[in-house]
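Reading through the structure tokens given below for one structure.
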Amino acid sequence: MITCIREIRQTKGLTLDDVAKRCIPPTTAQTIGRLETGMRTVSVGWLNRIADALDVQSADLIRLPDQKTIPVAALLGSKGAHAPAKPATIVPPLPAPGLVAVRVTAGVGDYRSGDEIWCERIMPDAFASALNRDVLLPRPAGRFLFGRLIGHEDGKLHILPLGAGMRQQVIADPAWMGVAVKMVRSL
């Protein structure tokens with residue numbers, strides 16, 4: 001199995017030791033290095049542990065034979081842009097199961113027209129984990145509410161819509177919630 005653990009780790013600015021310490025249970029930097037280089041076989045268990053340590057989906061760590069990549073032309077830091085010392089690539093994000101999307105048709109809040117917001121669907125038992133995040137909620141008759149979850153009590157969700165001057169809304173017992181996890185913006 002071909003992985004892109006090293007590329008993702010380096011993109012996130014982490015060392016082998018950082019990733020090793022983030023694994024549950026922790027492991028050694030040497031083990032992570034061996035898994036990155038293929039000196040040790042990457043099992044599904046290792047793939048999941050490393051994905052959790054890097055805060056990505058397990059599927060993001062696997063390089064498929066026909067998967068497209070984007071070459072990294074420059075690195076941008078506090079001292080400006082410069083060429084990478086070694087050739088590098090970025091793998092475009094793959095949609096994970098359970099995602100739903102919101103396409104922004106007119107600017108509202110921090111979002112601009114043309115933005116795409118990817119939302120991870122969660123069930124009611126996990127609603128508290130989305131506090132202070134932008135969420136999408138289904139409403140009756142095929143309608144939706146999108147805004148910031150600012151409160152969760154007794155099965156009622158308090159949502160602050162993103163538009164200026166809009167009032168807080170309360171939604172009772174929705175079947176699911178979409179939590180904004182990625183935004184795609186064309187420049």
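Each chain in the structure tokens gets a letter, A, B and so on, in the order shown; residues start at 1 in every chain, and ligands are counted from 1 in the order they appear.
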*asked:* Please identify the strand (DSSP E or B) residues within chain A (assignment by DSSP from backbone atoms) and present them as an MDAnalysis selection string.
replied: chainID A and resid 3 62 70:71 75:77 80:82 89:90 99:103 108 111 116:122 134:138 144:153 156:161 169:172 177:184
*Write down as an MDAnalysis selection string the residues of stretch 4-174 of chain A whose backbone DSSP state falls under alpha helix (DSSP H).*
chainID A and resid 5:11 16:22 29:37 44:54
*asked:* Residues within 7 Å of A:His152, please, as a PyMOL selection string. Count only C-alpha atoms; anything in the same chain fewer than 5 positions from it doesn't count.
replied: chain A and resi 128+157-158
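Checking A:Ala51, A:Ile8, A:Leu145, A:Val184 one by one against A:Thr89, counting only C-alpha atoms, you find the shortest gap at A:Ile8.
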Contacts of A:Gly114 within 12 Å, only C-alpha atoms, excl. fewer than 3 positions in-chain, as a compact mmCIF listing (two decimals) with N, CA and C atoms, in the first residue's frame:
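Saved the output as around39.txt:
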# COMPACT_ATOMS: atom_id res chain seq x y z
N VAL A 102 -22.81 22.75 1.23
CA VAL A 102 -23.59 23.98 1.12
C VAL A 102 -22.85 24.84 0.10
N ARG A 103 -23.54 25.29 -0.92
CA ARG A 103 -22.94 26.21 -1.90
C ARG A 103 -23.45 27.61 -1.59
N VAL A 104 -22.54 28.55 -1.42
CA VAL A 104 -22.90 29.93 -1.07
C VAL A 104 -23.21 30.68 -2.36
N THR A 105 -24.43 31.22 -2.46
CA THR A 105 -24.83 31.94 -3.67
C THR A 105 -24.74 33.45 -3.51
N ALA A 106 -24.67 33.93 -2.26
CA ALA A 106 -24.50 35.36 -1.99
C ALA A 106 -23.72 35.49 -0.70
N GLY A 107 -22.82 36.46 -0.61
CA GLY A 107 -21.99 36.62 0.57
C GLY A 107 -22.82 36.80 1.83
N VAL A 108 -22.44 36.06 2.88
CA VAL A 108 -23.10 36.17 4.18
C VAL A 108 -22.07 35.80 5.25
N TYR A 111 -18.51 34.10 4.67
CA TYR A 111 -18.55 33.34 3.42
C TYR A 111 -18.82 34.25 2.23
N ILE A 117 -19.08 24.79 1.27
CA ILE A 117 -18.85 24.41 2.66
C ILE A 117 -19.18 22.93 2.78
N MET A 183 -13.88 24.29 3.84
CA MET A 183 -14.43 25.27 2.93
C MET A 183 -13.54 25.31 1.70
N VAL A 184 -14.16 25.29 0.54
CA VAL A 184 -13.43 25.37 -0.72
C VAL A 184 -13.78 26.72 -1.33
N ARG A 185 -12.74 27.52 -1.60
CA ARG A 185 -12.95 28.86 -2.16
C ARG A 185 -12.06 29.02 -3.38
N SER A 186 -12.67 29.38 -4.48
CA SER A 186 -11.89 29.68 -5.67
C SER A 186 -11.35 31.08 -5.58
N LEU A 187 -10.13 31.27 -6.03
CA LEU A 187 -9.53 32.60 -5.99
C LEU A 187 -9.72 33.31 -7.30
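Comparing A:Cys23, A:Val42, A:Glu7, A:Val179 by their smallest distance to A:Thr69, the closest is A:Glu7 (using only C-alpha atoms).
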*Residue neighbourhood A:Ala180, 8 Å, only C-alpha atoms, exclusion window fewer than 2 positions, as a PyMOL selection string*: chain A and resi 117-120+133-136+178+182-183
*Nearest to A:Gln30 among A:Asp17, A:Cys4, A:Gly142, A:Arg63, with distances taken over only C-alpha atoms: which residue is it?*
A:Asp17
*Find the residues near A:Leu61: any atom within 10 Å, counting only C-alpha atoms, skip ones fewer than 2 places away on the same chain, and give them as a PyMOL selection string.*
chain A and resi 2-9+47-48+50-51+54+56-59+63-64+91
*Please provide as number ranges by chain all residues within 10 Å of A:Ile32, with the sequence filter that same-chain residues fewer than 3 positions apart are discarded (counting only C-alpha atoms).*
A: 5-6, 15-20, 23, 27-29, 35-38, 40, 42, 46, 50
